[in-house]
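Visitor: What follows is the file data_21.tsv, containing TSV, C-alpha atoms and all ligand atoms:
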```tsv
chain	number	residue	atom	x	y	z
A	270	MET	CA	7.61	0.19	53.02
A	271	THR	CA	8.01	2.85	50.36
A	272	THR	CA	9.88	6.10	50.74
A	273	ALA	CA	9.40	7.72	47.36
A	274	ARG	CA	6.15	9.63	47.08
A	275	LEU	CA	3.70	10.99	44.60
A	276	ASP	CA	2.49	14.24	46.15
A	277	ILE	CA	-0.84	15.61	44.97
A	278	ASP	CA	-1.80	19.16	45.84
A	279	LEU	CA	-5.59	19.29	45.63
A	280	ALA	CA	-5.73	23.09	45.79
A	281	ALA	CA	-3.52	23.23	42.70
A	282	VAL	CA	-5.67	20.70	40.82
A	283	GLU	CA	-8.75	22.71	41.75
A	284	HIS	CA	-7.02	25.91	40.62
A	285	ASN	CA	-6.05	24.41	37.24
A	286	THR	CA	-9.56	23.07	36.81
A	287	SER	CA	-11.37	26.31	37.57
A	288	SER	CA	-9.05	28.23	35.26
A	289	ILE	CA	-9.82	25.88	32.34
A	290	VAL	CA	-13.51	25.52	33.20
A	291	GLU	CA	-13.83	29.32	33.12
A	292	MET	CA	-12.18	29.57	29.71
A	293	CYS	CA	-14.38	26.81	28.29
A	294	ALA	CA	-17.54	28.24	29.85
A	295	ALA	CA	-16.82	31.59	28.21
A	296	ARG	CA	-16.98	29.72	24.90
A	297	GLY	CA	-20.14	27.82	25.79
A	298	MET	CA	-18.51	24.50	26.62
A	299	ALA	CA	-18.70	22.27	29.67
A	300	VAL	CA	-15.66	20.34	30.89
A	301	MET	CA	-15.56	16.63	31.68
A	302	GLY	CA	-12.69	16.02	34.12
A	303	VAL	CA	-10.71	12.94	33.11
A	304	THR	CA	-9.34	11.08	36.14
A	305	LYS	CA	-7.55	8.15	34.49
A	306	GLY	CA	-4.12	9.76	35.00
A	307	VAL	CA	-4.61	9.34	38.76
A	308	PHE	CA	-6.52	6.04	38.55
A	309	GLY	CA	-9.78	7.69	39.57
A	310	HIS	CA	-8.37	9.05	42.83
A	311	PRO	CA	-11.57	10.22	44.58
A	312	ASP	CA	-9.94	13.23	46.27
A	313	VAL	CA	-8.58	14.45	42.94
A	314	ALA	CA	-11.98	13.89	41.33
A	315	ALA	CA	-13.58	15.90	44.13
A	316	ALA	CA	-11.06	18.72	43.52
A	317	MET	CA	-12.03	18.72	39.84
A	318	VAL	CA	-15.69	18.93	40.81
A	319	ARG	CA	-14.95	21.86	43.14
A	320	GLY	CA	-13.13	23.44	40.21
A	321	GLY	CA	-16.34	23.27	38.20
A	322	VAL	CA	-16.31	20.21	35.92
A	323	LYS	CA	-19.82	19.13	34.98
A	324	SER	CA	-18.96	15.43	34.74
A	325	LEU	CA	-16.08	12.99	35.24
A	326	GLY	CA	-14.66	10.39	32.89
A	327	ASP	CA	-12.29	7.49	33.37
A	328	SER	CA	-11.13	4.66	31.15
A	329	ARG	CA	-11.34	1.85	33.73
A	330	LEU	CA	-14.19	0.44	35.75
A	331	ASP	CA	-11.94	-0.21	38.77
A	332	ASN	CA	-11.12	3.49	38.86
A	333	ILE	CA	-14.78	4.37	38.52
A	334	ALA	CA	-15.65	2.00	41.38
A	335	ARG	CA	-13.08	3.90	43.50
A	336	LEU	CA	-14.73	7.14	42.53
A	337	ARG	CA	-18.18	5.83	43.31
A	338	ALA	CA	-17.06	4.71	46.77
A	339	LYS	CA	-16.75	8.38	47.67
A	340	ARG	CA	-20.05	10.03	46.87
A	341	ILE	CA	-19.40	12.37	44.00
A	342	ASP	CA	-22.38	14.19	42.70
A	343	VAL	CA	-21.77	14.54	38.97
A	344	PRO	CA	-22.33	12.03	36.14
A	345	VAL	CA	-19.43	9.62	35.56
A	346	ALA	CA	-18.58	8.31	32.10
A	347	LEU	CA	-16.62	5.28	30.97
A	348	LEU	CA	-14.22	6.42	28.24
A	349	ARG	CA	-12.68	3.15	27.08
A	350	ALA	CA	-14.77	0.63	25.14
A	351	PRO	CA	-15.65	-2.12	27.62
A	352	THR	CA	-14.95	-5.84	27.27
A	353	TRP	CA	-18.05	-8.04	27.16
A	354	SER	CA	-17.24	-9.41	30.59
A	355	GLU	CA	-17.56	-5.87	31.95
A	356	ILE	CA	-21.02	-5.15	30.56
A	357	GLU	CA	-22.99	-5.65	33.78
A	358	ALA	CA	-20.53	-3.54	35.74
A	359	VAL	CA	-20.82	-0.81	33.10
A	360	VAL	CA	-24.58	-0.66	33.58
A	361	ASP	CA	-24.18	-0.76	37.35
A	362	LEU	CA	-21.41	1.76	37.78
A	363	VAL	CA	-21.56	4.41	35.09
A	364	ASP	CA	-24.11	6.94	33.91
A	365	LEU	CA	-22.90	7.01	30.34
A	366	SER	CA	-20.30	5.28	28.22
A	367	PHE	CA	-18.43	6.03	25.01
A	368	GLN	CA	-19.03	3.25	22.49
A	369	THR	CA	-18.03	2.22	18.99
A	370	GLU	CA	-19.37	-1.34	18.43
A	371	LEU	CA	-23.02	-2.25	17.85
A	372	ALA	CA	-22.64	-5.76	19.33
A	373	THR	CA	-21.32	-4.28	22.57
A	374	ILE	CA	-24.08	-1.67	22.72
A	375	GLU	CA	-26.67	-4.41	22.14
A	376	ARG	CA	-25.32	-6.30	25.13
A	377	ILE	CA	-25.39	-3.16	27.25
A	378	ALA	CA	-28.98	-2.53	26.13
A	379	ASP	CA	-29.99	-6.07	27.16
A	380	ALA	CA	-28.25	-5.79	30.54
A	381	ALA	CA	-29.78	-2.38	31.22
A	382	ALA	CA	-33.28	-3.38	30.08
A	383	SER	CA	-33.20	-6.50	32.26
A	384	THR	CA	-32.72	-4.30	35.32
A	385	GLY	CA	-35.21	-1.67	34.19
A	386	ARG	CA	-32.51	0.91	33.56
A	387	VAL	CA	-31.63	3.10	30.61
A	388	HIS	CA	-27.92	3.50	29.93
A	389	GLU	CA	-26.70	6.59	28.07
A	390	VAL	CA	-24.39	6.09	25.10
A	391	VAL	CA	-22.08	8.45	23.24
A	392	LEU	CA	-20.87	7.20	19.85
A	393	MET	CA	-17.20	7.82	19.25
A	394	VAL	CA	-16.27	8.85	15.72
A	395	ASP	CA	-12.77	8.35	14.28
A	396	LEU	CA	-11.81	11.63	12.61
A	397	GLY	CA	-8.32	10.54	11.66
A	398	GLU	CA	-6.61	9.23	14.78
A	399	ARG	CA	-7.30	5.60	13.86
A	400	ARG	CA	-7.75	4.74	17.49
A	401	GLU	CA	-11.33	4.29	18.70
A	402	GLY	CA	-14.35	5.27	16.70
A	403	VAL	CA	-16.79	4.47	13.93
A	404	LEU	CA	-15.87	6.07	10.60
A	405	PRO	CA	-17.89	9.23	9.87
A	406	GLU	CA	-19.66	7.62	6.90
A	407	ASP	CA	-20.89	4.77	9.13
A	408	ALA	CA	-21.93	6.91	12.11
A	409	GLY	CA	-25.47	7.70	10.90
A	410	GLY	CA	-26.30	4.02	10.31
A	411	LEU	CA	-24.94	3.01	13.70
A	412	ALA	CA	-26.84	5.84	15.40
A	413	ARG	CA	-30.13	4.63	13.84
A	414	ARG	CA	-29.50	1.08	15.09
A	415	VAL	CA	-28.68	2.32	18.60
A	416	LEU	CA	-31.75	4.54	18.71
A	417	ALA	CA	-33.90	1.47	18.02
A	418	LEU	CA	-32.61	-0.38	21.10
A	419	PRO	CA	-34.52	-0.33	24.38
A	420	GLY	CA	-32.27	-0.05	27.43
A	421	VAL	CA	-29.94	2.55	25.92
A	422	ARG	CA	-30.34	6.20	25.03
A	423	LEU	CA	-28.09	7.77	22.44
A	424	VAL	CA	-27.17	11.15	23.92
A	425	GLY	CA	-24.38	12.31	21.68
A	426	ILE	CA	-21.32	11.79	19.55
A	427	GLY	CA	-17.69	12.44	20.36
A	428	THR	CA	-14.18	12.13	19.08
A	429	ASN	CA	-10.72	11.82	20.54
A	430	LEU	CA	-7.70	13.37	18.87
A	431	THR	CA	-3.92	13.60	19.29
A	432	CYS	CA	-3.45	10.89	21.99
A	433	PHE	CA	-2.58	8.07	19.61
A	434	SER	CA	-1.35	9.45	16.32
A	435	GLY	CA	-0.99	13.14	16.99
A	436	VAL	CA	-3.85	14.48	14.85
A	437	GLU	CA	-4.44	18.09	15.91
A	438	PRO	CA	-7.94	19.33	16.60
A	439	SER	CA	-8.69	21.84	13.83
A	440	PRO	CA	-11.63	23.95	12.67
A	441	ALA	CA	-12.04	21.37	9.86
A	442	ASN	CA	-12.24	18.20	11.96
A	443	MET	CA	-14.30	19.86	14.70
A	444	THR	CA	-16.72	21.22	12.07
A	445	GLN	CA	-16.92	17.69	10.68
A	446	LEU	CA	-18.00	16.47	14.13
A	447	VAL	CA	-20.60	19.23	14.54
A	448	ASP	CA	-21.97	18.67	11.00
A	449	LEU	CA	-22.21	14.95	11.60
A	450	ALA	CA	-24.21	15.54	14.79
A	451	GLY	CA	-26.51	17.86	12.81
A	452	ARG	CA	-27.06	15.26	10.08
A	453	ILE	CA	-27.86	12.53	12.62
A	454	ARG	CA	-30.33	14.85	14.36
A	455	GLU	CA	-32.03	15.62	11.01
A	456	ASP	CA	-32.14	11.97	9.92
A	457	THR	CA	-33.36	10.53	13.19
A	458	GLY	CA	-35.14	13.34	15.00
A	459	SER	CA	-33.03	12.59	18.07
A	460	GLU	CA	-31.90	15.41	20.31
A	461	LEU	CA	-28.23	14.36	20.45
A	462	SER	CA	-27.47	17.01	23.04
A	463	LEU	CA	-23.81	16.09	23.60
A	464	VAL	CA	-21.03	16.83	21.12
A	465	SER	CA	-17.87	15.86	22.96
A	466	ALA	CA	-14.31	16.79	21.98
A	467	GLY	CA	-11.07	15.95	23.74
A	468	GLY	CA	-8.67	16.11	25.33
A	469	SER	CA	-6.13	18.77	26.37
A	470	SER	CA	-5.05	19.13	22.73
A	471	THR	CA	-8.28	21.02	22.05
A	472	LEU	CA	-7.28	23.89	24.36
A	473	PRO	CA	-5.17	25.87	21.85
A	474	LEU	CA	-8.02	25.76	19.31
A	475	LEU	CA	-10.47	26.88	21.96
A	476	ALA	CA	-8.27	29.69	23.20
A	477	ALA	CA	-7.76	30.92	19.63
A	478	GLY	CA	-11.55	31.21	19.31
A	479	SER	CA	-11.47	28.70	16.43
A	480	MET	CA	-13.66	25.98	17.91
A	481	PRO	CA	-16.85	25.88	15.85
A	482	ALA	CA	-20.16	26.44	17.64
A	483	GLY	CA	-21.93	23.20	18.41
A	484	VAL	CA	-19.22	21.40	20.38
A	485	THR	CA	-20.82	21.21	23.82
A	486	GLU	CA	-18.14	19.52	25.92
A	487	VAL	CA	-14.39	19.03	26.15
A	488	ARG	CA	-12.93	16.10	28.06
A	489	ILE	CA	-9.76	17.24	29.81
A	490	GLY	CA	-7.29	15.29	31.92
A	491	GLU	CA	-3.66	16.32	31.51
A	492	ALA	CA	-4.19	20.09	31.63
A	493	LEU	CA	-6.13	19.82	34.90
A	494	LEU	CA	-3.52	17.59	36.51
A	495	LEU	CA	-0.26	18.81	34.99
A	496	GLY	CA	-1.06	22.22	33.51
A	497	ARG	CA	-0.11	21.52	29.89
A	498	GLU	CA	-1.90	21.32	26.54
A	499	THR	CA	-1.03	18.22	24.56
A	500	VAL	CA	-0.37	19.37	20.99
A	501	HIS	CA	3.11	20.61	21.91
A	502	HIS	CA	3.01	20.01	25.68
A	503	ARG	CA	3.32	23.71	26.32
A	504	ILE	CA	2.53	25.20	29.70
A	505	TRP	CA	-1.13	26.20	29.71
A	506	PRO	CA	-1.63	29.84	30.82
A	507	GLY	CA	-3.33	30.22	34.20
A	508	THR	CA	-2.33	26.76	35.40
A	509	VAL	CA	0.48	25.38	37.54
A	510	GLN	CA	2.66	22.45	36.52
A	511	ASP	CA	3.57	21.18	39.98
A	512	ALA	CA	0.15	20.13	41.26
A	513	ILE	CA	1.54	16.60	41.20
A	514	THR	CA	5.19	15.84	41.88
A	515	VAL	CA	7.45	12.91	42.71
A	516	ARG	CA	9.63	13.30	45.79
A	517	ALA	CA	12.43	10.94	46.70
A	518	GLU	CA	15.43	10.90	49.01
A	519	VAL	CA	19.11	11.17	48.17
A	520	VAL	CA	20.81	7.98	49.38
A	521	GLU	CA	24.30	8.78	48.07
A	522	ALA	CA	25.87	12.19	47.42
A	523	LYS	CA	29.51	12.30	46.32
A	524	ASP	CA	31.95	14.15	44.12
A	525	LYS	CA	33.11	11.66	41.52
A	526	PRO	CA	35.82	11.77	38.84
A	527	PRO	CA	34.98	11.06	35.19
A	528	ALA	CA	34.45	7.36	34.43
A	529	PRO	CA	37.75	5.60	33.70
A	530	PRO	CA	38.45	4.58	30.08
A	531	GLY	CA	38.04	0.92	29.12
A	532	PRO	CA	35.67	-1.38	27.28
A	533	ARG	CA	31.98	-1.17	28.07
A	534	GLY	CA	29.32	-3.82	27.57
A	535	ASP	CA	25.53	-3.79	27.60
A	536	ARG	CA	23.79	-1.93	30.35
A	537	ALA	CA	20.80	-3.23	32.34
A	538	PHE	CA	18.49	-0.88	30.46
A	539	GLY	CA	20.33	-0.88	27.18
A	540	ARG	CA	17.84	1.11	25.18
A	541	ALA	CA	17.92	4.05	27.56
A	542	PRO	CA	20.31	6.84	26.57
A	543	ALA	CA	23.89	6.18	27.65
A	544	PRO	CA	24.54	8.05	30.89
A	545	SER	CA	26.95	10.91	31.14
A	546	VAL	CA	30.36	9.82	32.39
A	547	GLU	CA	31.70	13.27	33.25
A	548	GLY	CA	32.97	13.96	36.71
A	549	GLY	CA	31.34	16.19	39.32
A	550	ARG	CA	28.76	16.15	42.08
A	551	ARG	CA	26.42	13.20	41.77
A	552	ALA	CA	23.39	12.22	43.79
A	553	LEU	CA	21.70	8.85	43.78
A	554	VAL	CA	18.00	9.13	44.49
A	555	ALA	CA	15.90	6.23	45.81
A	556	VAL	CA	13.48	5.91	42.94
A	557	GLY	CA	14.00	4.13	39.64
A	558	ARG	CA	12.63	2.51	36.54
A	559	ALA	CA	10.80	-0.08	38.64
A	560	ASP	CA	8.76	2.73	40.18
A	561	VAL	CA	8.05	5.24	37.46
A	562	ASP	CA	8.70	6.07	33.80
A	563	VAL	CA	11.84	8.06	34.69
A	564	ASP	CA	12.11	9.48	31.17
A	565	GLY	CA	9.05	11.57	32.02
A	566	LEU	CA	10.57	13.14	35.15
A	567	THR	CA	12.04	16.65	35.27
A	568	PRO	CA	14.00	17.75	38.37
A	569	LEU	CA	12.60	20.92	39.90
A	570	GLY	CA	15.85	21.69	41.75
A	571	GLU	CA	17.98	24.28	40.01
A	572	GLY	CA	21.11	22.81	38.44
A	573	HIS	CA	19.89	19.23	38.78
A	574	ARG	CA	20.00	17.04	35.70
A	575	ILE	CA	18.95	13.41	35.38
A	576	VAL	CA	21.80	11.58	33.66
A	577	GLY	CA	20.42	8.07	33.90
A	578	ALA	CA	18.48	5.54	35.88
A	579	THR	CA	18.43	1.87	36.75
A	580	SER	CA	15.61	-0.07	38.40
A	581	ASP	CA	16.18	1.45	41.81
A	582	TYR	CA	18.35	4.55	41.37
A	583	LEU	CA	17.92	7.83	39.61
A	584	VAL	CA	21.33	9.38	38.97
A	585	ILE	CA	21.43	13.17	39.22
A	586	GLU	CA	24.26	15.43	38.12
A	587	VAL	CA	24.49	18.62	40.12
A	588	THR	CA	25.80	21.57	38.12
A	589	PRO	CA	28.77	23.30	39.80
A	590	GLY	CA	27.69	26.56	41.42
A	591	SER	CA	24.14	25.41	42.14
A	592	ASP	CA	22.98	24.38	45.62
A	593	ARG	CA	24.91	21.36	46.88
A	594	VAL	CA	22.88	18.22	47.23
A	595	GLU	CA	23.55	16.28	50.42
A	596	LEU	CA	22.77	12.83	51.68
A	597	GLY	CA	19.23	12.71	53.07
A	598	ASP	CA	17.95	15.65	50.99
A	599	GLU	CA	14.63	15.12	49.32
A	600	LEU	CA	14.51	16.03	45.62
A	601	THR	CA	11.35	16.95	43.74
A	602	PHE	CA	10.45	16.11	40.14
A	603	ALA	CA	7.69	17.23	37.81
A	604	LEU	CA	6.05	14.53	35.71
A	605	ASP	CA	4.72	14.12	32.21
A	606	TYR	CA	1.53	12.12	31.64
A	607	GLY	CA	3.35	8.82	31.04
A	608	ALA	CA	5.30	9.22	34.26
A	609	LEU	CA	2.11	10.19	36.09
A	610	VAL	CA	0.26	7.08	34.98
A	611	THR	CA	3.13	4.76	35.91
A	612	ALA	CA	3.71	6.55	39.22
A	613	THR	CA	0.05	6.37	40.19
A	614	GLY	CA	-0.08	2.66	39.50
A	615	SER	CA	3.29	1.96	41.11
A	616	ILE	CA	3.68	-0.05	44.29
A	617	GLY	CA	7.04	1.68	44.74
A	618	LEU	CA	5.48	5.10	45.32
A	619	GLU	CA	3.12	6.16	48.04
A	620	THR	CA	0.45	8.62	46.91
A	621	ARG	CA	0.03	11.46	49.40
A	622	ILE	CA	-2.33	14.37	49.45
A	623	VAL	CA	-0.25	17.38	50.50
A	624	THR	CA	-1.38	20.40	52.43
A	625	ALA	CA	-2.55	23.02	50.02
A	626	LYS	CA	0.15	25.52	49.16
A	627	GLU	CA	-0.67	28.93	47.89
A	628	VAL	CA	-1.34	28.73	44.18
A	629	THR	CA	-0.15	31.54	41.97
A	630	ALA	CA	-0.47	31.27	38.22
B	1	LIG	C1	-11.35	9.27	25.37
B	1	LIG	C2	-10.52	10.27	26.10
B	1	LIG	N1	-10.98	11.51	26.25
B	1	LIG	C3	-10.27	12.46	26.89
B	1	LIG	C4	-9.02	12.18	27.42
B	1	LIG	C5	-8.26	13.27	28.12
B	1	LIG	O1	-7.13	13.63	27.40
B	1	LIG	P1	-6.01	14.60	28.01
B	1	LIG	O2	-5.43	13.90	29.19
B	1	LIG	O3	-5.06	14.83	26.90
B	1	LIG	O4	-6.72	15.85	28.41
B	1	LIG	C6	-8.49	10.91	27.27
B	1	LIG	C7	-7.16	10.66	27.84
B	1	LIG	O5	-6.39	9.83	27.56
B	1	LIG	C8	-9.26	9.92	26.59
B	1	LIG	O6	-8.79	8.68	26.42
```
Step by step, read the file and then write its structure as structure tokens.

Guide:
Amino acid sequence: MTTARLDIDLAAVEHNTSSIVEMCAARGMAVMGVTKGVFGHPDVAAAMVRGGVKSLGDSRLDNIARLRAKRIDVPVALLRAPTWSEIEAVVDLVDLSFQTELATIERIADAAASTGRVHEVVLMVDLGERREGVLPEDAGGLARRVLALPGVRLVGIGTNLTCFSGVEPSPANMTQLVDLAGRIREDTGSELSLVSAGGSSTLPLLAAGSMPAGVTEVRIGEALLLGRETVHHRIWPGTVQDAITVRAEVVEAKDKPPAPPGPRGDRAFGRAPAPSVEGGRRALVAVGRADVDVDGLTPLGEGHRIVGATSDYLVIEVTPGSDRVELGDELTFALDYGALVTATGSIGLETRIVTAKEVTA
């Protein structure tokens, strides 16, 4: 039995999505809604589709299987490079996948051809992140090899920035992507209709009107779910930040004096910042490090401050003068992406779809 909850407001996700889809459409770009932050939750995916995304993407096949179980009528892409043991499931479950290794693509081609299917492939190019991707100078050669394989169709190239090493999308690296697509088209005669950028870190560039023509798609997760771009994690205009929240109950509420002096040893979670030992109103909330990445939680209650956490308790300091917190109250927290991912996968939190509240942003 769990009492802490992850509340998802589908109307708010839809609102965030349509706001971003509109902005991208005005600049000639389609949006792929990335559902990995909510483990492919089918209701959230459906809200993104209602908000106007042209396709969905997730990093895990289990999530995509969840999505597929609820009929969703847009193409679904696998974003993470698959293991070889997943190849048949890739061909079965997804319309297109983002790939970087010829040997893997060859196996996909064999599996697809043996069932009479054609699997669509997007080649990921590493433009500086040093996460996934073929280097730009090797992309043309790889594209030629892929184009020669039956069972797969090369439909585009893409890149991912910022997630791993913080590289910002810029006119220079986006132009590099567009130019590379142009060169591959010229060399091979292929249509290469998809030029895919991502993720929410591309929004500032787009809004500034500095995205070069030729990028056809942006893959967006965090901004649709949490209403933030990811270069500086600033609030994205026209979106709300509380579409998804954690709610948990106060199980102790007391006024406590400052901690007494005396020697102190290691704490259970020694690397976490040392908690405040000042006196005042304190509330213990029934959610902890075993449930969610508490460092990514922000209390939404005015005058509430997280001063520390252990596996099962979040310790809140209540600023004097703000609303008193009492035993049995439920407190609400906004999440960052890390907290969202851990909360969604947590057995300590129940995910609930909440009744749509009015969205104003
Ligand atoms: C390949 C890929 N594209 C797009 C995204 C979406 O990024 P964001 O959540 O920053 O919008 C991710 C997310 O991790 C990703 O791995």

Visitor: Could the centre and edge lengths of an axis-aligned box, enclosing all atoms of ligand LIG 1 (chain B) in the file with 3 Å extra on each side, be given in Å to one decimal as lines of an AutoDock Vina configuration file?

Guide:
```
center_x = -8.2
center_y = 12.3
center_z = 27.3
size_x = 12.3
size_y = 13.2
size_z = 9.8
```

Visitor: Pull the closest atom pair for each residue of chain A that gets at most 8 Å from ligand LIG 1 (chain B), along with the distance in Å to one decimal, counting all atoms listed in the file, ordering rows by chain and then ascending residue number, as a Markdown table.

Guide:
```
| residue | atom | partner | partner_atom | distance |
| --- | --- | --- | --- | --- |
| A:Gly302 | CA | B:LIG1 | C5 | 7.9 |
| A:Val303 | CA | B:LIG1 | C5 | 5.6 |
| A:Lys305 | CA | B:LIG1 | C7 | 7.1 |
| A:Gly306 | CA | B:LIG1 | O2 | 7.3 |
| A:Gly326 | CA | B:LIG1 | N1 | 7.7 |
| A:Asp327 | CA | B:LIG1 | C8 | 7.8 |
| A:Ser328 | CA | B:LIG1 | O6 | 6.6 |
| A:Leu348 | CA | B:LIG1 | C1 | 5.0 |
| A:Arg349 | CA | B:LIG1 | C1 | 6.5 |
| A:Phe367 | CA | B:LIG1 | C1 | 7.8 |
| A:Thr428 | CA | B:LIG1 | C1 | 7.5 |
| A:Asn429 | CA | B:LIG1 | C1 | 5.5 |
| A:Thr431 | CA | B:LIG1 | O3 | 7.8 |
| A:Cys432 | CA | B:LIG1 | O5 | 6.4 |
| A:Ala466 | CA | B:LIG1 | N1 | 7.6 |
| A:Gly467 | CA | B:LIG1 | C3 | 4.8 |
| A:Gly468 | CA | B:LIG1 | O1 | 3.6 |
| A:Ser469 | CA | B:LIG1 | O4 | 3.6 |
| A:Ser470 | CA | B:LIG1 | O3 | 6.0 |
| A:Val487 | CA | B:LIG1 | C3 | 7.8 |
| A:Arg488 | CA | B:LIG1 | C3 | 4.7 |
| A:Ile489 | CA | B:LIG1 | O4 | 3.6 |
| A:Gly490 | CA | B:LIG1 | O2 | 3.6 |
| A:Glu491 | CA | B:LIG1 | O2 | 3.8 |
| A:Ala492 | CA | B:LIG1 | O4 | 5.9 |
| A:Leu493 | CA | B:LIG1 | O4 | 7.6 |
| A:Glu498 | CA | B:LIG1 | O3 | 7.2 |
| A:Thr499 | CA | B:LIG1 | O3 | 5.8 |
| A:Tyr606 | CA | B:LIG1 | O2 | 7.6 |
```

Visitor: Counting all atoms listed in the file, which residue out of A:Ile622, A:Asp598, A:Met480, A:Pro526 sits closest to A:Gly297?

Guide: A:Met480

Visitor: Would you work out the distance separating atom CA of A:Met301 from atom CA of A:Val345, expressed in Å to one decimal?

Guide: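 Atom-to-atom, atom CA of A:Met301 and atom CA of A:Val345 are spaced 8.9 Å apart.
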
Visitor: Excluding same-chain residues fewer than 4 positions from A:Gly483, what lies within 10 Å of it counting all atoms listed in the file, as a VMD selection string?

Guide: chain A and resid 297 to 298 443 to 444 446 to 448 450 to 451 462 to 465

Visitor: Do you have the atom CA of A:Tyr582-atom CA of A:Asp535 distance handy?

Guide: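 Between atom CA of A:Tyr582 and atom CA of A:Asp535 the gap is 17.6 Å.
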
Visitor: Rounded to one decimal place, report the atom CA of A:Asp312-atom CA of A:Arg516 distance in Å.

Guide: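 Here the two named atoms are 19.6 Å from each other.
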
Visitor: Would you list the contacts of A:Ser479 as a ChimeraX atom specification, taking every protein, DNA or RNA residue within 12 Å and counting only C-alpha atoms, but skipping same-chain residues closer than 6 positions in sequence?

Guide: /A:296,438-444,471-473

Visitor: So which residues are close to (27.4, 11.2, 49.7), meaning at most 9 Å away in the file's coordinates with only C-alpha atoms counted, and can you show them as a PyMOL selection string?

Guide: chain A and resi 519-524+551-553+594-597

Visitor: Residues near A:Thr588, anyone? I mean within 7 Å using only C-alpha atoms, not counting same-chain ones fewer than 3 positions away, as a tab-separated table (two decimals) with C-alpha atoms, in the coordinates of the input.

Guide:
```tsv
chain	number	residue	atom	x	y	z
A	572	GLY	CA	21.11	22.81	38.44
A	573	HIS	CA	19.89	19.23	38.78
A	591	SER	CA	24.14	25.41	42.14
```

Visitor: If we count all atoms listed in the file, what is near stretch 357-359 of chain A at a cut-off of 10 Å, once residues fewer than 5 positions away on the same chain are taken out, given as a PyMOL selection string?

Guide: chain A and resi 329-331+333-334+346-347+351-352+364-366+376-377+379-381+384+388

Visitor: For A:Ser434, which residue among A:Val391, A:Ala378, A:Val500, A:Leu475 is the nearest when counting all atoms listed in the file?

Guide: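 Closest candidate: A:Val500.
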
Visitor: Write out as an MDAnalysis selection string each polymer residue whose atoms come within 9 Å of stretch 403-420 of chain A, counting all atoms listed in the file; drop sequence neighbours fewer than 6 positions from it.

Guide: chainID A and resid 368:371 374:375 377:390 392:397 426 445:446 449:450 452:453 456:457 459

Visitor: With distances taken over all atoms listed in the file, which of A:Leu423, A:Leu430, A:Met292, A:Ala338 is nearest to A:Pro311?

Guide: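 Between A:Leu423, A:Leu430, A:Met292, A:Ala338, the residue approaching A:Pro311 most closely is A:Ala338.
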